[in-house]
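**Q** Here it is, the structure, as structure tokens.
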Amino acid sequence: MARDMSDKDILKMELEQLQKEVKNTREPVSKTTKEIYEWVEAQAAEDPLIKGVPEDKNPFKEKGGCIITCDFLWQN
Amino acid sequence: MGEIEQMKKEAEALKTQIEAARKAVHDTDMASAASGVAPAPRVQLKTRRTLKGHLAKIYAMHWSTDNRLMVSASQDGKLLIWDSHSGNKVNAVPLKSSWVMTCAYAPSGNLVASGGLDNMCTVYNLKTPVIKTVKELDAHTGYLSCARFLSDTEVLTASGDTTCALWDLETGKQKTVFLNHVGDCMCLSLSPDMNSFVSGACDSLAKLWDIRDGQCKQTFLGHTSDINAISFYPGGNAIITGSDDCTCKMYDLRADQEVISYQDAALNSGVTSLALSMSGRLIFAGYDDFNCNIWDSLKGEKVGVLSGHDNRVSCTGVPPDGMCVCTGSWDSFLKIWN
């Protein structure tokens, strides 16, 4: 746990991590973001919270009683 | 030069090198790259269910993989299992310690877990005639902020003791300790392929870890305060974080850097929680100001808001089938929206 470590040990741990990470390969943002948004666009067509959930297929539609409609013929 | 001074100098040089390497590939950002993408429609979701039953602040919730059941945790000392379709409570699990901060549903649906200021992760079996405590995972020296099941035999935890850990549920012992953060770990998210996870901490950093070799592979900078919420993007190539600095950010794993920030000058409340819609296009972020803002993850624009809670939104969750979003609050209610 970092709390039990001396300042020197923490510094050593941070330094070792930086030595590892400096070697990571990094791809151009233009390429990586394109892949991300293309993937999302393809999926978004089927995303229920974007395209909406039809009332009859919505398991969370408001529970309510039946609405009884009556047509009254008012006759004088 | 003393040894410490030497190490500090070397660390600064490496940080500068990494910063330069990131800059070198920063030929655009997400909003610019996605400028040709059609804007997300204005999102207006309705409250479909208000789940009443907790008697105190709700701190966490987690959906079951069946898209129907969910578990919530409150400082009233209970875990409640809800059937979200009917709105009914299916089970109540009394907790030994009421200071709960996290809860999780196992993918199988057989187990749930909770933990908090007791520093432990307690695992319960929901399928025995009476709900039983299966294991108490006790080794962290700080609070348990987040727990997630990989399976019925492995759990990942994040702790205020600055570490994350992978536990074997059969032995109750830690198999791997993930040590690299220098602040309390507040949240974690498993990658879709389950080979890695990301953690967010009070040191304002997000870190990517390899579950099997225990190593931190990448560190993401940019936030200026505690990261309270984190989630893998559905494709697995990006992560979204939410912070006390009032912003959410997307970090691209392959470019190794922040590619978009979700913020607004008018917003000055910390982000407590976040969840993504099924495609990743929408981010539902809960804030201290009682709202849940909806962000277009590609454009960086706010496209909606879920208002209705009377206190901080502490947790949010979207089920695997993406059919709704659930918000949980310090007002003791959970709401389901779609």
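All residue names refer to the structure tokens as shown: chains lettered A, B, ... in order, residues numbered from 1 in each chain, ligands numbered from 1 in order.
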Which residues of chain B come within 7 Å of chain A, and for each one, what is the closest pair of atoms and their distance in Å to one decimal, counting only C-alpha atoms, sorted by chain and residue number, as JSON lines?
**A**
```
{"residue": "B:Ile4", "atom": "CA", "partner": "A:Lys8", "partner_atom": "CA", "distance": 6.5}
{"residue": "B:Met7", "atom": "CA", "partner": "A:Leu15", "partner_atom": "CA", "distance": 7.0}
{"residue": "B:Ala11", "atom": "CA", "partner": "A:Leu15", "partner_atom": "CA", "distance": 5.4}
{"residue": "B:Leu14", "atom": "CA", "partner": "A:Leu18", "partner_atom": "CA", "distance": 6.3}
{"residue": "B:Ile18", "atom": "CA", "partner": "A:Val22", "partner_atom": "CA", "distance": 5.6}
{"residue": "B:Val25", "atom": "CA", "partner": "A:Pro28", "partner_atom": "CA", "distance": 4.4}
{"residue": "B:His26", "atom": "CA", "partner": "A:Val29", "partner_atom": "CA", "distance": 5.5}
{"residue": "B:Asp27", "atom": "CA", "partner": "A:Val29", "partner_atom": "CA", "distance": 6.0}
{"residue": "B:Thr28", "atom": "CA", "partner": "A:Ser30", "partner_atom": "CA", "distance": 5.6}
{"residue": "B:Asp29", "atom": "CA", "partner": "A:Val29", "partner_atom": "CA", "distance": 6.5}
{"residue": "B:Met30", "atom": "CA", "partner": "A:Thr33", "partner_atom": "CA", "distance": 5.8}
{"residue": "B:Ala33", "atom": "CA", "partner": "A:Ser30", "partner_atom": "CA", "distance": 6.5}
{"residue": "B:Ala34", "atom": "CA", "partner": "A:Tyr37", "partner_atom": "CA", "distance": 6.7}
{"residue": "B:Arg48", "atom": "CA", "partner": "A:Glu62", "partner_atom": "CA", "distance": 5.5}
{"residue": "B:His85", "atom": "CA", "partner": "A:Phe60", "partner_atom": "CA", "distance": 5.6}
{"residue": "B:Asp161", "atom": "CA", "partner": "A:Met1", "partner_atom": "CA", "distance": 5.8}
{"residue": "B:Thr162", "atom": "CA", "partner": "A:Met1", "partner_atom": "CA", "distance": 5.9}
{"residue": "B:Thr163", "atom": "CA", "partner": "A:Met1", "partner_atom": "CA", "distance": 6.1}
{"residue": "B:Leu179", "atom": "CA", "partner": "A:Met1", "partner_atom": "CA", "distance": 6.7}
{"residue": "B:Val182", "atom": "CA", "partner": "A:Ala2", "partner_atom": "CA", "distance": 5.5}
{"residue": "B:Lys217", "atom": "CA", "partner": "A:Glu21", "partner_atom": "CA", "distance": 6.9}
{"residue": "B:Gln218", "atom": "CA", "partner": "A:Glu21", "partner_atom": "CA", "distance": 6.4}
{"residue": "B:Arg254", "atom": "CA", "partner": "A:Glu27", "partner_atom": "CA", "distance": 5.7}
{"residue": "B:Ala255", "atom": "CA", "partner": "A:Arg26", "partner_atom": "CA", "distance": 4.7}
{"residue": "B:Asp256", "atom": "CA", "partner": "A:Arg26", "partner_atom": "CA", "distance": 6.0}
{"residue": "B:Ser277", "atom": "CA", "partner": "A:Leu49", "partner_atom": "CA", "distance": 6.7}
{"residue": "B:Met278", "atom": "CA", "partner": "A:Asp47", "partner_atom": "CA", "distance": 5.7}
{"residue": "B:Ser279", "atom": "CA", "partner": "A:Gln43", "partner_atom": "CA", "distance": 5.0}
{"residue": "B:Gly280", "atom": "CA", "partner": "A:Val40", "partner_atom": "CA", "distance": 6.3}
{"residue": "B:Arg281", "atom": "CA", "partner": "A:Val40", "partner_atom": "CA", "distance": 6.2}
{"residue": "B:Leu298", "atom": "CA", "partner": "A:Tyr37", "partner_atom": "CA", "distance": 6.8}
{"residue": "B:Gly322", "atom": "CA", "partner": "A:Pro48", "partner_atom": "CA", "distance": 6.1}
{"residue": "B:Met323", "atom": "CA", "partner": "A:Pro48", "partner_atom": "CA", "distance": 5.4}
{"residue": "B:Cys324", "atom": "CA", "partner": "A:Leu49", "partner_atom": "CA", "distance": 6.6}
{"residue": "B:Asn338", "atom": "CA", "partner": "A:Leu49", "partner_atom": "CA", "distance": 6.4}
```
**Q** Keeping only N, CA, C and O atoms, write the selected residues to a file as a compact mmCIF listing (two decimals), in the first residue's frame.
**A**
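And here is the file that came out, part_38.txt:
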```txt
# COMPACT_ATOMS: atom_id res chain seq x y z
N ILE B 4 17.66 10.70 -3.92
CA ILE B 4 16.28 11.12 -4.16
C ILE B 4 16.25 12.21 -5.24
O ILE B 4 15.41 12.17 -6.15
N MET B 7 16.70 10.63 -8.59
CA MET B 7 15.50 9.92 -9.06
C MET B 7 14.46 10.93 -9.55
O MET B 7 13.81 10.71 -10.58
N ALA B 11 12.86 11.09 -13.21
CA ALA B 11 11.41 10.98 -13.40
C ALA B 11 10.88 12.15 -14.22
O ALA B 11 10.07 11.96 -15.14
N LEU B 14 11.71 11.66 -17.86
CA LEU B 14 10.86 10.65 -18.50
C LEU B 14 9.47 11.20 -18.75
O LEU B 14 8.87 10.95 -19.80
N ILE B 18 7.59 11.37 -22.33
CA ILE B 18 6.28 10.78 -22.59
C ILE B 18 5.33 11.84 -23.13
O ILE B 18 4.58 11.62 -24.07
N VAL B 25 1.81 12.37 -31.59
CA VAL B 25 0.74 11.65 -32.28
C VAL B 25 -0.59 12.39 -32.17
O VAL B 25 -1.61 11.94 -32.67
N HIS B 26 -0.57 13.54 -31.53
CA HIS B 26 -1.82 14.28 -31.31
C HIS B 26 -2.13 15.14 -32.52
O HIS B 26 -2.07 16.37 -32.47
N ASP B 27 -2.45 14.47 -33.64
CA ASP B 27 -2.69 15.22 -34.88
C ASP B 27 -4.13 15.71 -34.98
O ASP B 27 -4.51 16.38 -35.93
N THR B 28 -4.97 15.32 -34.02
CA THR B 28 -6.33 15.84 -33.95
C THR B 28 -6.90 15.46 -32.59
O THR B 28 -6.18 14.92 -31.75
N ASP B 29 -8.19 15.77 -32.36
CA ASP B 29 -8.84 15.28 -31.15
C ASP B 29 -10.18 14.67 -31.57
O ASP B 29 -10.53 14.72 -32.76
N MET B 30 -10.91 14.08 -30.64
CA MET B 30 -12.12 13.35 -31.01
C MET B 30 -13.17 14.26 -31.63
O MET B 30 -13.76 13.93 -32.65
N ALA B 33 -12.12 15.12 -35.14
CA ALA B 33 -12.13 13.92 -35.99
C ALA B 33 -13.56 13.51 -36.32
O ALA B 33 -13.87 13.09 -37.43
N ALA B 34 -14.46 13.66 -35.32
CA ALA B 34 -15.85 13.21 -35.51
C ALA B 34 -16.75 14.33 -36.00
O ALA B 34 -17.97 14.22 -35.95
N ARG B 48 -39.46 5.86 -15.73
CA ARG B 48 -40.44 4.77 -15.90
C ARG B 48 -40.74 4.08 -14.58
O ARG B 48 -41.79 3.51 -14.40
N HIS B 85 -38.40 -4.74 -13.87
CA HIS B 85 -39.60 -4.73 -14.72
C HIS B 85 -40.85 -4.48 -13.88
O HIS B 85 -41.68 -3.64 -14.22
N ASP B 161 -6.87 1.98 0.30
CA ASP B 161 -5.47 1.74 0.69
C ASP B 161 -4.53 1.93 -0.51
O ASP B 161 -3.35 1.60 -0.44
N THR B 162 -5.03 2.45 -1.62
CA THR B 162 -4.32 2.77 -2.88
C THR B 162 -4.08 1.57 -3.78
O THR B 162 -3.46 1.72 -4.84
N THR B 163 -4.54 0.39 -3.36
CA THR B 163 -4.34 -0.77 -4.23
C THR B 163 -5.65 -1.29 -4.79
O THR B 163 -6.73 -1.00 -4.27
N LEU B 179 -0.46 -2.52 -7.34
CA LEU B 179 0.05 -1.37 -6.60
C LEU B 179 0.77 -0.42 -7.53
O LEU B 179 1.75 -0.79 -8.17
N VAL B 182 -0.91 6.36 -6.00
CA VAL B 182 -0.44 6.95 -4.74
C VAL B 182 -1.58 7.69 -4.04
O VAL B 182 -1.33 8.50 -3.14
N LYS B 217 0.07 -1.00 -17.15
CA LYS B 217 0.57 -0.84 -18.52
C LYS B 217 0.59 0.61 -18.98
O LYS B 217 1.44 1.00 -19.78
N GLN B 218 -0.41 1.36 -18.55
CA GLN B 218 -0.54 2.74 -19.01
C GLN B 218 -1.10 3.60 -17.89
O GLN B 218 -1.85 3.11 -17.04
N ARG B 254 -4.96 3.49 -27.43
CA ARG B 254 -3.88 3.26 -28.38
C ARG B 254 -3.06 4.52 -28.66
O ARG B 254 -1.89 4.44 -29.00
N ALA B 255 -3.69 5.68 -28.50
CA ALA B 255 -2.95 6.94 -28.62
C ALA B 255 -2.35 7.33 -27.28
O ALA B 255 -1.55 8.27 -27.19
N ASP B 256 -2.78 6.63 -26.22
CA ASP B 256 -2.25 6.82 -24.86
C ASP B 256 -2.47 8.24 -24.35
O ASP B 256 -1.59 8.85 -23.74
N SER B 277 -24.26 4.33 -22.76
CA SER B 277 -25.29 3.62 -23.51
C SER B 277 -24.60 2.49 -24.28
O SER B 277 -23.38 2.46 -24.40
N MET B 278 -25.39 1.59 -24.81
CA MET B 278 -24.86 0.37 -25.40
C MET B 278 -23.82 0.59 -26.50
O MET B 278 -22.85 -0.15 -26.62
N SER B 279 -24.02 1.63 -27.31
CA SER B 279 -23.08 1.90 -28.40
C SER B 279 -21.90 2.74 -27.91
O SER B 279 -20.91 2.90 -28.63
N GLY B 280 -22.04 3.32 -26.73
CA GLY B 280 -21.01 4.24 -26.22
C GLY B 280 -21.29 5.67 -26.62
O GLY B 280 -20.61 6.59 -26.14
N ARG B 281 -22.27 5.90 -27.47
CA ARG B 281 -22.50 7.26 -27.95
C ARG B 281 -22.91 8.21 -26.84
O ARG B 281 -22.54 9.38 -26.85
N LEU B 298 -18.95 11.58 -28.71
CA LEU B 298 -18.10 11.89 -29.86
C LEU B 298 -17.93 13.39 -30.09
O LEU B 298 -16.91 13.84 -30.60
N GLY B 322 -28.80 -2.39 -22.90
CA GLY B 322 -28.92 -0.97 -23.20
C GLY B 322 -30.32 -0.39 -23.20
O GLY B 322 -30.55 0.71 -23.68
N MET B 323 -31.28 -1.11 -22.61
CA MET B 323 -32.69 -0.71 -22.73
C MET B 323 -33.12 0.44 -21.82
O MET B 323 -34.24 0.95 -21.94
N CYS B 324 -32.27 0.82 -20.89
CA CYS B 324 -32.66 1.90 -19.98
C CYS B 324 -31.41 2.38 -19.25
O CYS B 324 -30.32 1.85 -19.45
N ASN B 338 -36.11 5.62 -19.66
CA ASN B 338 -35.81 5.38 -21.07
C ASN B 338 -36.79 6.15 -21.95
O ASN B 338 -37.56 6.96 -21.41
```
**Q** Excluding stretch 146-159 of chain B and any residue of its chain fewer than 2 positions from it, enumerate the residues within 8 Å of it, using only C-alpha atoms, and give them as a PyMOL selection string.
**A** chain B and resi 101-108+110-111+113-115+119+121+140+142-144+161-170+184-190+194+199
**Q** What separation in Å, quoted to one decimal, exists between atom CA of B:Tyr251 and atom CA of B:Gly200?
**A**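 Taking atom CA of B:Tyr251 as the start and atom CA of B:Gly200 as the end point, the length is 12.2 Å.
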**Q** Extract, using only C-alpha atoms, all DNA, RNA and protein residues at most 8 Å from B:Val313, discarding same-chain residues fewer than 3 positions from it, and format them as a list in words.
**A**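 Contacts, with the query itself left out: Thr272, Ser273, Gly286, Tyr287, Asp288, Asp289, Phe290, Asn291, Cys292, His309, Thr316, Thr327, Gly328, Ser329 and Trp330 of chain B.
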**Q** Just list as an NGL selection string whatever in stretch 65-272 of chain B DSSP marks as strand (DSSP E or B).
**A** :B and (69-74 or 78-83 or 88-94 or 100-105 or 111-116 or 120-125 or 132-138 or 144-149 or 154-159 or 163-168 or 173-179 or 185-190 or 196-201 or 206-210 or 216-220 or 227-232 or 238-243 or 248-252 or 257-262 or 271-272)
**Q** Can you measure atom CA of B:Lys249 to atom CA of B:Ile283 for me? One decimal in Å is fine.
**A** 10.4 Å
**Q** Restricting the calculation to only C-alpha atoms: of B:Ser32, B:Gly214, B:Met1, B:Asn91, which residue gets closest to B:Pro129?
**A**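 Once distances to B:Pro129 are computed over only C-alpha atoms, the minimum belongs to B:Asn91.
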